[in-house]
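See below for model12.txt, which holds compact mmCIF, C-alpha atoms and all ligand atoms.
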# COMPACT_ATOMS: atom_id res chain seq x y z
CA MET A 1 11.70 -4.29 -8.45
CA ASP A 2 9.18 -2.07 -10.26
CA ILE A 3 6.63 -0.16 -8.21
CA THR A 4 3.59 1.42 -9.87
CA VAL A 5 1.30 3.77 -7.98
CA ILE A 6 -2.28 2.74 -8.85
CA GLY A 7 -3.89 5.15 -6.39
CA CYS A 8 -2.61 7.63 -3.84
CA TRP A 9 -5.58 9.42 -2.25
CA GLY A 10 -6.67 9.13 1.35
CA ALA A 11 -10.34 8.56 2.20
CA TYR A 12 -11.88 8.69 -1.31
CA PRO A 13 -10.58 8.94 -4.87
CA GLU A 14 -10.42 12.18 -6.83
CA LYS A 15 -12.16 12.06 -10.24
CA ASN A 16 -10.81 9.19 -12.39
CA GLU A 17 -8.26 8.29 -9.74
CA ALA A 18 -8.03 5.86 -6.82
CA THR A 19 -7.29 5.52 -3.13
CA SER A 20 -4.48 3.26 -1.87
CA GLY A 21 -3.12 0.70 -4.32
CA TYR A 22 0.48 -0.08 -5.33
CA LEU A 23 1.61 -2.73 -7.80
CA VAL A 24 5.02 -4.32 -7.15
CA GLU A 25 6.56 -6.43 -9.90
CA SER A 26 9.74 -8.37 -9.36
CA GLU A 27 11.19 -11.42 -11.06
CA GLY A 28 7.86 -12.36 -12.54
CA SER A 29 5.68 -11.90 -9.46
CA LYS A 30 2.96 -9.26 -9.39
CA ILE A 31 1.82 -8.17 -5.95
CA LEU A 32 -0.84 -5.55 -5.20
CA LEU A 33 -0.46 -3.67 -1.92
CA ASP A 34 -3.93 -2.53 -0.80
CA CYS A 35 -7.00 -2.42 -3.04
CA GLY A 36 -8.87 0.80 -2.38
CA SER A 37 -11.65 2.58 -4.25
CA GLY A 38 -10.89 2.89 -7.97
CA VAL A 39 -7.91 0.53 -7.82
CA LEU A 40 -9.44 -2.42 -9.70
CA SER A 41 -10.20 -0.34 -12.79
CA ARG A 42 -6.87 1.51 -12.86
CA LEU A 43 -4.83 -1.60 -12.06
CA GLN A 44 -5.79 -3.05 -15.44
CA ASN A 45 -3.80 -0.28 -17.16
CA HIS A 46 -0.68 -1.94 -15.75
CA CYS A 47 -1.44 -5.58 -14.99
CA PRO A 48 -3.89 -8.00 -16.64
CA LEU A 49 -5.91 -9.55 -13.83
CA GLU A 50 -4.94 -12.98 -15.15
CA GLU A 51 -1.38 -12.23 -14.07
CA LEU A 52 -1.90 -10.87 -10.58
CA ASP A 53 -0.33 -13.25 -8.03
CA ALA A 54 -1.27 -11.79 -4.66
CA VAL A 55 -2.92 -8.95 -2.79
CA VAL A 56 -1.69 -7.72 0.59
CA LEU A 57 -4.16 -5.70 2.68
CA THR A 58 -2.51 -3.59 5.37
CA HIS A 59 -5.82 -3.03 7.17
CA THR A 60 -9.55 -3.02 6.58
CA HIS A 61 -10.37 0.69 6.31
CA ALA A 62 -12.46 1.25 3.18
CA ASP A 63 -9.87 3.39 1.39
CA HIS A 64 -7.59 0.31 1.42
CA ILE A 65 -10.05 -2.50 0.63
CA ALA A 66 -13.08 -1.02 -1.16
CA ASP A 67 -12.43 -2.82 -4.46
CA VAL A 68 -11.36 -6.19 -3.08
CA TYR A 69 -14.79 -7.84 -3.40
CA SER A 70 -15.05 -6.66 -6.99
CA LEU A 71 -11.61 -8.15 -7.55
CA GLU A 72 -12.89 -11.44 -6.12
CA PHE A 73 -15.70 -11.43 -8.71
CA ALA A 74 -13.21 -10.66 -11.46
CA ILE A 75 -11.08 -13.65 -10.47
CA LEU A 76 -14.21 -15.85 -10.23
CA ILE A 77 -15.29 -14.94 -13.76
CA LEU A 78 -11.82 -15.11 -15.30
CA MET A 79 -11.38 -18.62 -13.87
CA ARG A 80 -14.85 -19.73 -15.00
CA ILE A 81 -14.17 -18.65 -18.58
CA GLY A 82 -10.72 -20.19 -18.55
CA ARG A 83 -8.67 -17.01 -18.83
CA ARG A 84 -7.10 -17.47 -15.43
CA THR A 85 -5.91 -20.83 -14.14
CA LYS A 86 -4.87 -20.26 -10.54
CA PRO A 87 -6.62 -18.78 -7.49
CA LEU A 88 -5.59 -15.38 -6.17
CA ASP A 89 -3.85 -15.25 -2.80
CA ILE A 90 -5.12 -12.46 -0.54
CA TYR A 91 -3.17 -11.71 2.63
CA VAL A 92 -5.28 -9.96 5.27
CA ASN A 93 -4.08 -8.35 8.46
CA GLY A 94 -5.46 -10.07 11.55
CA GLU A 95 -7.30 -13.13 12.71
CA GLU A 96 -10.67 -14.16 11.26
CA ARG A 97 -9.65 -12.68 7.91
CA GLY A 98 -9.87 -9.21 9.36
CA GLY A 99 -13.67 -9.59 9.38
CA LEU A 100 -13.75 -9.77 5.57
CA THR A 101 -16.17 -12.24 3.99
CA PHE A 102 -14.94 -13.74 0.76
CA GLU A 103 -17.42 -16.15 -0.82
CA TYR A 104 -15.44 -18.16 -3.33
CA PRO A 105 -12.58 -20.03 -1.66
CA GLU A 106 -11.83 -21.99 -4.82
CA ASN A 107 -11.00 -18.69 -6.52
CA VAL A 108 -9.60 -16.58 -3.69
CA ARG A 109 -7.36 -18.06 -1.03
CA VAL A 110 -7.32 -15.88 2.09
CA HIS A 111 -4.36 -15.92 4.49
CA SER A 112 -3.90 -14.10 7.80
CA ILE A 113 -0.79 -12.01 8.37
CA ARG A 114 0.45 -10.17 11.45
CA ALA A 115 3.52 -8.36 12.69
CA GLY A 116 6.43 -10.77 12.46
CA THR A 117 4.96 -12.81 9.58
CA VAL A 118 7.52 -13.52 6.85
CA LEU A 119 6.23 -14.49 3.40
CA THR A 120 7.86 -15.27 0.10
CA ILE A 121 5.88 -14.54 -3.06
CA GLY A 122 7.83 -15.45 -6.18
CA GLU A 123 11.30 -14.34 -5.18
CA VAL A 124 10.17 -11.39 -3.07
CA LYS A 125 10.34 -11.55 0.72
CA LEU A 126 7.62 -9.71 2.65
CA GLU A 127 7.82 -8.71 6.31
CA PHE A 128 5.36 -6.81 8.49
CA SER A 129 5.39 -4.38 11.39
CA GLU A 130 2.57 -3.12 13.62
CA ASN A 131 1.63 0.53 13.13
CA MET A 132 -0.11 3.01 15.37
CA HIS A 133 -3.57 3.31 13.84
CA ASP A 134 -7.16 3.29 15.11
CA ILE A 135 -7.60 -0.27 13.88
CA PRO A 136 -4.78 -2.84 13.49
CA CYS A 137 -2.62 -1.85 10.52
CA LEU A 138 0.64 -3.30 9.22
CA ALA A 139 3.52 -1.66 7.42
CA VAL A 140 5.05 -3.99 4.83
CA LYS A 141 8.65 -4.38 3.67
CA LEU A 142 9.44 -6.08 0.37
CA THR A 143 12.95 -7.31 -0.38
CA SER A 144 13.90 -8.33 -3.92
CA ARG A 145 16.31 -11.13 -4.81
CA GLU A 146 19.01 -8.47 -5.31
CA GLY A 147 18.39 -7.18 -1.80
CA LYS A 148 16.58 -3.96 -2.82
CA THR A 149 13.95 -2.88 -0.32
CA LEU A 150 10.63 -1.05 -0.32
CA VAL A 151 8.68 -0.14 2.79
CA TYR A 152 5.04 0.86 2.36
CA SER A 153 3.80 2.41 5.56
CA GLY A 154 0.07 1.76 5.21
CA ASP A 155 -1.66 4.12 7.64
CA THR A 156 0.12 5.10 10.84
CA GLY A 157 0.64 7.73 13.44
CA TYR A 158 4.16 8.75 14.40
CA CYS A 159 5.83 5.80 16.17
CA GLN A 160 9.26 4.30 16.71
CA ALA A 161 8.20 1.02 15.08
CA ILE A 162 7.93 2.50 11.58
CA ILE A 163 11.35 4.15 11.97
CA ASP A 164 13.00 0.90 13.06
CA PHE A 165 11.20 -1.08 10.36
CA SER A 166 12.31 1.35 7.63
CA ARG A 167 16.00 1.43 8.62
CA ASN A 168 18.18 2.01 5.49
CA VAL A 169 15.34 1.16 3.13
CA ASP A 170 15.88 2.00 -0.56
CA VAL A 171 12.37 3.41 -1.10
CA LEU A 172 10.05 4.57 1.67
CA LEU A 173 6.45 4.94 0.45
CA ILE A 174 4.87 6.74 3.35
CA GLU A 175 1.51 8.24 4.13
CA SER A 176 1.25 12.00 4.49
CA SER A 177 -2.35 12.66 5.38
CA PHE A 178 -1.99 16.12 6.88
CA TYR A 179 -0.14 19.41 6.56
CA ASP A 180 2.07 20.53 9.42
CA TRP A 181 -0.44 23.19 10.50
CA GLN A 182 -2.79 20.32 11.32
CA ALA A 183 -0.32 18.64 13.72
CA GLY A 184 -2.16 16.95 16.58
CA ILE A 185 -5.49 16.83 14.73
CA MET A 186 -5.41 13.02 14.62
CA LYS A 187 -2.81 10.72 16.15
CA TRP A 188 -3.52 7.84 13.74
CA HIS A 189 -2.03 9.57 10.68
CA LEU A 190 1.13 11.47 9.78
CA THR A 191 1.74 15.06 8.92
CA ALA A 192 4.24 15.68 6.13
CA GLY A 193 6.78 16.88 8.67
CA GLU A 194 6.42 13.66 10.65
CA ALA A 195 6.83 11.62 7.46
CA GLY A 196 10.04 13.56 6.75
CA ARG A 197 11.35 12.95 10.27
CA ILE A 198 10.67 9.22 9.95
CA ALA A 199 12.48 9.14 6.58
CA ALA A 200 15.47 10.98 8.05
CA LEU A 201 15.73 8.90 11.22
CA ALA A 202 15.38 5.68 9.22
CA GLY A 203 17.98 6.75 6.67
CA ALA A 204 15.68 6.06 3.72
CA GLY A 205 17.37 6.21 0.31
CA GLN A 206 14.43 8.00 -1.29
CA THR A 207 10.96 8.87 -0.10
CA ILE A 208 7.59 8.97 -1.85
CA LEU A 209 4.74 10.72 -0.05
CA THR A 210 1.23 9.31 -0.55
CA HIS A 211 -2.31 9.00 0.96
CA PHE A 212 -3.07 12.65 0.31
CA PRO A 213 -5.56 15.15 1.72
CA HIS A 214 -8.14 16.60 -0.68
CA TYR A 215 -7.34 20.25 0.02
CA GLY A 216 -4.42 22.61 0.10
CA GLU A 217 -1.38 22.63 -2.18
CA LEU A 218 0.16 19.15 -2.23
CA ASN A 219 3.64 20.47 -3.07
CA GLN A 220 3.61 21.99 0.40
CA LEU A 221 3.77 18.43 1.76
CA VAL A 222 7.15 17.98 0.04
CA ALA A 223 8.41 21.28 1.42
CA GLU A 224 7.35 20.34 4.94
CA ALA A 225 8.89 16.86 4.79
CA SER A 226 12.11 18.27 3.29
CA ARG A 227 12.72 20.42 6.36
CA HIS A 228 13.67 17.20 8.14
CA TYR A 229 14.88 14.93 5.33
CA ALA A 230 17.72 15.73 2.92
CA GLY A 231 17.19 12.79 0.54
CA GLN A 232 15.15 12.73 -2.65
CA ILE A 233 11.47 13.18 -1.88
CA ARG A 234 8.53 13.23 -4.28
CA LEU A 235 4.75 13.13 -4.34
CA ALA A 236 3.12 9.93 -5.55
CA HIS A 237 0.74 10.24 -8.49
CA CYS A 238 -1.52 7.74 -10.21
CA GLY A 239 0.59 5.87 -12.76
CA MET A 240 3.94 6.86 -11.20
CA GLN A 241 6.61 4.20 -11.67
CA ILE A 242 9.67 3.69 -9.51
CA ASN A 243 12.40 1.16 -10.28
CA ILE A 244 14.90 -0.04 -7.71
ZN ZN B 1 -6.18 5.19 4.67
ZN ZN B 2 -6.69 3.61 7.89

What does the file become when written as structure tokens?
Ligand SMILES: [Zn+2]
Ligand SMILES: [Zn+2]
Amino acid sequence: MDITVIGCWGAYPEKNEATSGYLVESEGSKILLDCGSGVLSRLQNHCPLEELDAVVLTHTHADHIADVYSLEFAILILMRIGRRTKPLDIYVNGEERGGLTFEYPENVRVHSIRAGTVLTIGEVKLEFSENMHDIPCLAVKLTSREGKTLVYSGDTGYCQAIIDFSRNVDVLLIESSFYDWQAGIMKWHLTAGEAGRIAALAGAGQTILTHFPHYGELNQLVAEASRHYAGQIRLAHCGMQINI
């Protein structure tokens, strides 16, 4: 399973970068996890849009969905000019398509997902767990045919559910929106120290911090998480590739 970080910023993208977006390729399937601002442009460095199989949206905050309507137009045009032959599957957290309004059902097939949903895309199994966030948000676990696992946290506050869901995962891709000195500022996101505690309690094989703040020294996030977690821990960056 190959994971490529398309974007890793919280809230809005830094210059020439993107907010949340992660491409997962495994046994021929190409799955995009979240489609935030700047993701559609940067995604094309790694995956022709003709080849994208599915998009999974953890929740409907703008930094996770901002480019999804532009992606719908891309699929519409690529199908009309014959460069793409099959519709794109978009999996949206919640009933009523999460309130999203896609206009071209012959090009984009929208499916609802929730905690407990189990999907298979290509040969990858996807499972979901409810987070603690100010709107409904799902963490997602992907399991390859070889049994390798990735958990992407989406956005969450500190909760037991994300620890249980991430138990013994090979790669934990987890949000780290705040520095430890900001603990308590917002219960819907994690500090780096909380991300490290979750990684340690879950027994994650390696940990990638993401969904960054736009201030401070990001390496401090690694230092703060490492006080709790002894495994390998790194900062995500646009274009980063992880193979498991
Ligand atoms: Zn976010
Ligand atoms: Zn959010």

Could I get the residue neighbourhood of ligand ZN 1 (chain B) at 10 Å, counting all atoms listed in the file, as a list in words?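 Within the 10 Å cut-off, the matching residues are Cys8, Trp9, Gly10, Ala11, Tyr12, Thr19, Ser20, Asp34, Gly36, Thr58, His59, Thr60, His61, Ala62, Asp63, His64, Ile65, His133, Cys137, Gly154, Asp155, Thr156, Glu175, Ser177, Trp188, His189, Thr210, His211 and Phe212 of chain A.
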
Just the residues within 9 Å of A:Val55, please, counting all atoms listed in the file, with nothing from its chain fewer than 3 positions along; format it as a PyMOL selection string. chain A and resi 30-35+52+68+88-92

Can I get the selected residues back with C-alpha atoms, as a tab-separated table (two decimals), in the coordinates of the input?
chain	number	residue	atom	x	y	z
A	30	LYS	CA	2.96	-9.26	-9.39
A	31	ILE	CA	1.82	-8.17	-5.95
A	32	LEU	CA	-0.84	-5.55	-5.20
A	33	LEU	CA	-0.46	-3.67	-1.92
A	34	ASP	CA	-3.93	-2.53	-0.80
A	35	CYS	CA	-7.00	-2.42	-3.04
A	52	LEU	CA	-1.90	-10.87	-10.58
A	68	VAL	CA	-11.36	-6.19	-3.08
A	88	LEU	CA	-5.59	-15.38	-6.17
A	89	ASP	CA	-3.85	-15.25	-2.80
A	90	ILE	CA	-5.12	-12.46	-0.54
A	91	TYR	CA	-3.17	-11.71	2.63
A	92	VAL	CA	-5.28	-9.96	5.27

Please indicate the distance in Å from atom CA of A:Leu76 to atom CA of A:Asn107, rounded to one decimal place.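 For atom CA of A:Leu76 relative to atom CA of A:Asn107, the distance reads 5.7 Å.
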
Which value, in Å to one decimal, gives the distance between atom CA of A:Ile242 and atom CA of A:Pro87?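 These two atoms are separated by 27.8 Å.
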
May I have the residues at most 6 Å from (4.1, 4.3, 16.1) in the file's coordinates, counting all atoms listed in the file, as a list in words? Asn131, Met132, Gly157, Tyr158, Cys159, Gln160 and Ala161 of chain A

Could you turn the residues from that selection into a file that holds C-alpha atoms, as a PDB file, keeping the file's coordinate frame?
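Produced file selection13.pdb, reproduced below:
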ATOM      1  CA  ASN A 131       1.630   0.530  13.130  1.00  0.00           C
ATOM      2  CA  MET A 132      -0.110   3.010  15.370  1.00  0.00           C
ATOM      3  CA  GLY A 157       0.640   7.730  13.440  1.00  0.00           C
ATOM      4  CA  TYR A 158       4.160   8.750  14.400  1.00  0.00           C
ATOM      5  CA  CYS A 159       5.830   5.800  16.170  1.00  0.00           C
ATOM      6  CA  GLN A 160       9.260   4.300  16.710  1.00  0.00           C
ATOM      7  CA  ALA A 161       8.200   1.020  15.080  1.00  0.00           C
TER       8      ALA A 161
END

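With all atoms listed in the file as the basis for measurement, A:Leu190 is the residue among A:Ile162, A:Leu100, A:Leu190, A:Ala223 that approaches ligand ZN 2 (chain B) most closely.
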
Your completed stretch 198-218 of chain A with N, CA, C and O atoms, as a PDB file, in the frame of the given file:
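Once written, selection15.pdb looks like this:
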ATOM      1  N   ILE A 198      10.532  10.680   9.997  1.00  0.00           N
ATOM      2  CA  ILE A 198      10.670   9.220   9.950  1.00  0.00           C
ATOM      3  C   ILE A 198      11.677   8.825   8.859  1.00  0.00           C
ATOM      4  O   ILE A 198      12.566   7.996   9.089  1.00  0.00           O
ATOM      5  N   ALA A 199      11.552   9.443   7.680  1.00  0.00           N
ATOM      6  CA  ALA A 199      12.480   9.140   6.580  1.00  0.00           C
ATOM      7  C   ALA A 199      13.920   9.448   6.971  1.00  0.00           C
ATOM      8  O   ALA A 199      14.842   8.674   6.691  1.00  0.00           O
ATOM      9  N   ALA A 200      14.118  10.579   7.652  1.00  0.00           N
ATOM     10  CA  ALA A 200      15.470  10.980   8.050  1.00  0.00           C
ATOM     11  C   ALA A 200      16.036  10.037   9.106  1.00  0.00           C
ATOM     12  O   ALA A 200      17.183   9.573   8.994  1.00  0.00           O
ATOM     13  N   LEU A 201      15.250   9.758  10.133  1.00  0.00           N
ATOM     14  CA  LEU A 201      15.730   8.900  11.220  1.00  0.00           C
ATOM     15  C   LEU A 201      15.970   7.468  10.742  1.00  0.00           C
ATOM     16  O   LEU A 201      16.867   6.777  11.245  1.00  0.00           O
ATOM     17  N   ALA A 202      15.189   7.026   9.758  1.00  0.00           N
ATOM     18  CA  ALA A 202      15.380   5.680   9.220  1.00  0.00           C
ATOM     19  C   ALA A 202      16.548   5.619   8.247  1.00  0.00           C
ATOM     20  O   ALA A 202      17.059   4.544   7.957  1.00  0.00           O
ATOM     21  N   GLY A 203      16.928   6.751   7.686  1.00  0.00           N
ATOM     22  CA  GLY A 203      17.980   6.750   6.670  1.00  0.00           C
ATOM     23  C   GLY A 203      17.494   6.225   5.331  1.00  0.00           C
ATOM     24  O   GLY A 203      18.228   5.547   4.604  1.00  0.00           O
ATOM     25  N   ALA A 204      16.252   6.549   4.977  1.00  0.00           N
ATOM     26  CA  ALA A 204      15.680   6.060   3.720  1.00  0.00           C
ATOM     27  C   ALA A 204      16.444   6.625   2.519  1.00  0.00           C
ATOM     28  O   ALA A 204      16.802   7.800   2.493  1.00  0.00           O
ATOM     29  N   GLY A 205      16.656   5.786   1.511  1.00  0.00           N
ATOM     30  CA  GLY A 205      17.370   6.210   0.310  1.00  0.00           C
ATOM     31  C   GLY A 205      16.604   7.243  -0.493  1.00  0.00           C
ATOM     32  O   GLY A 205      17.159   8.226  -0.979  1.00  0.00           O
ATOM     33  N   GLN A 206      15.311   7.005  -0.687  1.00  0.00           N
ATOM     34  CA  GLN A 206      14.430   8.000  -1.290  1.00  0.00           C
ATOM     35  C   GLN A 206      13.042   7.815  -0.690  1.00  0.00           C
ATOM     36  O   GLN A 206      12.713   6.739  -0.176  1.00  0.00           O
ATOM     37  N   THR A 207      12.248   8.869  -0.784  1.00  0.00           N
ATOM     38  CA  THR A 207      10.960   8.870  -0.100  1.00  0.00           C
ATOM     39  C   THR A 207       9.864   9.338  -1.050  1.00  0.00           C
ATOM     40  O   THR A 207      10.042  10.327  -1.767  1.00  0.00           O
ATOM     41  N   ILE A 208       8.764   8.602  -1.049  1.00  0.00           N
ATOM     42  CA  ILE A 208       7.590   8.970  -1.850  1.00  0.00           C
ATOM     43  C   ILE A 208       6.447   9.210  -0.864  1.00  0.00           C
ATOM     44  O   ILE A 208       6.076   8.313  -0.097  1.00  0.00           O
ATOM     45  N   LEU A 209       5.891  10.403  -0.900  1.00  0.00           N
ATOM     46  CA  LEU A 209       4.740  10.720  -0.050  1.00  0.00           C
ATOM     47  C   LEU A 209       3.450  10.290  -0.752  1.00  0.00           C
ATOM     48  O   LEU A 209       3.325  10.437  -1.976  1.00  0.00           O
ATOM     49  N   THR A 210       2.477   9.793   0.039  1.00  0.00           N
ATOM     50  CA  THR A 210       1.230   9.310  -0.550  1.00  0.00           C
ATOM     51  C   THR A 210       0.083   9.467   0.450  1.00  0.00           C
ATOM     52  O   THR A 210       0.262  10.046   1.505  1.00  0.00           O
ATOM     53  N   HIS A 211      -1.118   8.953   0.086  1.00  0.00           N
ATOM     54  CA  HIS A 211      -2.310   9.000   0.960  1.00  0.00           C
ATOM     55  C   HIS A 211      -2.626  10.466   1.291  1.00  0.00           C
ATOM     56  O   HIS A 211      -2.602  10.892   2.440  1.00  0.00           O
ATOM     57  N   PHE A 212      -3.009  11.191   0.224  1.00  0.00           N
ATOM     58  CA  PHE A 212      -3.070  12.650   0.310  1.00  0.00           C
ATOM     59  C   PHE A 212      -4.401  13.191   0.828  1.00  0.00           C
ATOM     60  O   PHE A 212      -5.449  12.581   0.625  1.00  0.00           O
ATOM     61  N   PRO A 213      -4.337  14.398   1.415  1.00  0.00           N
ATOM     62  CA  PRO A 213      -5.560  15.150   1.720  1.00  0.00           C
ATOM     63  C   PRO A 213      -6.156  15.738   0.434  1.00  0.00           C
ATOM     64  O   PRO A 213      -5.460  15.867  -0.574  1.00  0.00           O
ATOM     65  N   HIS A 214      -7.426  16.113   0.512  1.00  0.00           N
ATOM     66  CA  HIS A 214      -8.140  16.600  -0.680  1.00  0.00           C
ATOM     67  C   HIS A 214      -8.232  18.130  -0.710  1.00  0.00           C
ATOM     68  O   HIS A 214      -9.155  18.680  -1.298  1.00  0.00           O
ATOM     69  N   TYR A 215      -7.299  18.788  -0.081  1.00  0.00           N
ATOM     70  CA  TYR A 215      -7.340  20.250   0.020  1.00  0.00           C
ATOM     71  C   TYR A 215      -5.901  20.740   0.138  1.00  0.00           C
ATOM     72  O   TYR A 215      -4.984  19.952   0.377  1.00  0.00           O
ATOM     73  N   GLY A 216      -5.750  22.023  -0.037  1.00  0.00           N
ATOM     74  CA  GLY A 216      -4.420  22.610   0.100  1.00  0.00           C
ATOM     75  C   GLY A 216      -3.577  22.360  -1.146  1.00  0.00           C
ATOM     76  O   GLY A 216      -4.047  21.838  -2.161  1.00  0.00           O
ATOM     77  N   GLU A 217      -2.324  22.763  -1.074  1.00  0.00           N
ATOM     78  CA  GLU A 217      -1.380  22.630  -2.180  1.00  0.00           C
ATOM     79  C   GLU A 217      -0.443  21.471  -1.857  1.00  0.00           C
ATOM     80  O   GLU A 217       0.369  21.555  -0.926  1.00  0.00           O
ATOM     81  N   LEU A 218      -0.568  20.368  -2.602  1.00  0.00           N
ATOM     82  CA  LEU A 218       0.160  19.150  -2.230  1.00  0.00           C
ATOM     83  C   LEU A 218       1.675  19.338  -2.230  1.00  0.00           C
ATOM     84  O   LEU A 218       2.381  18.683  -1.462  1.00  0.00           O
TER      85      LEU A 218
END
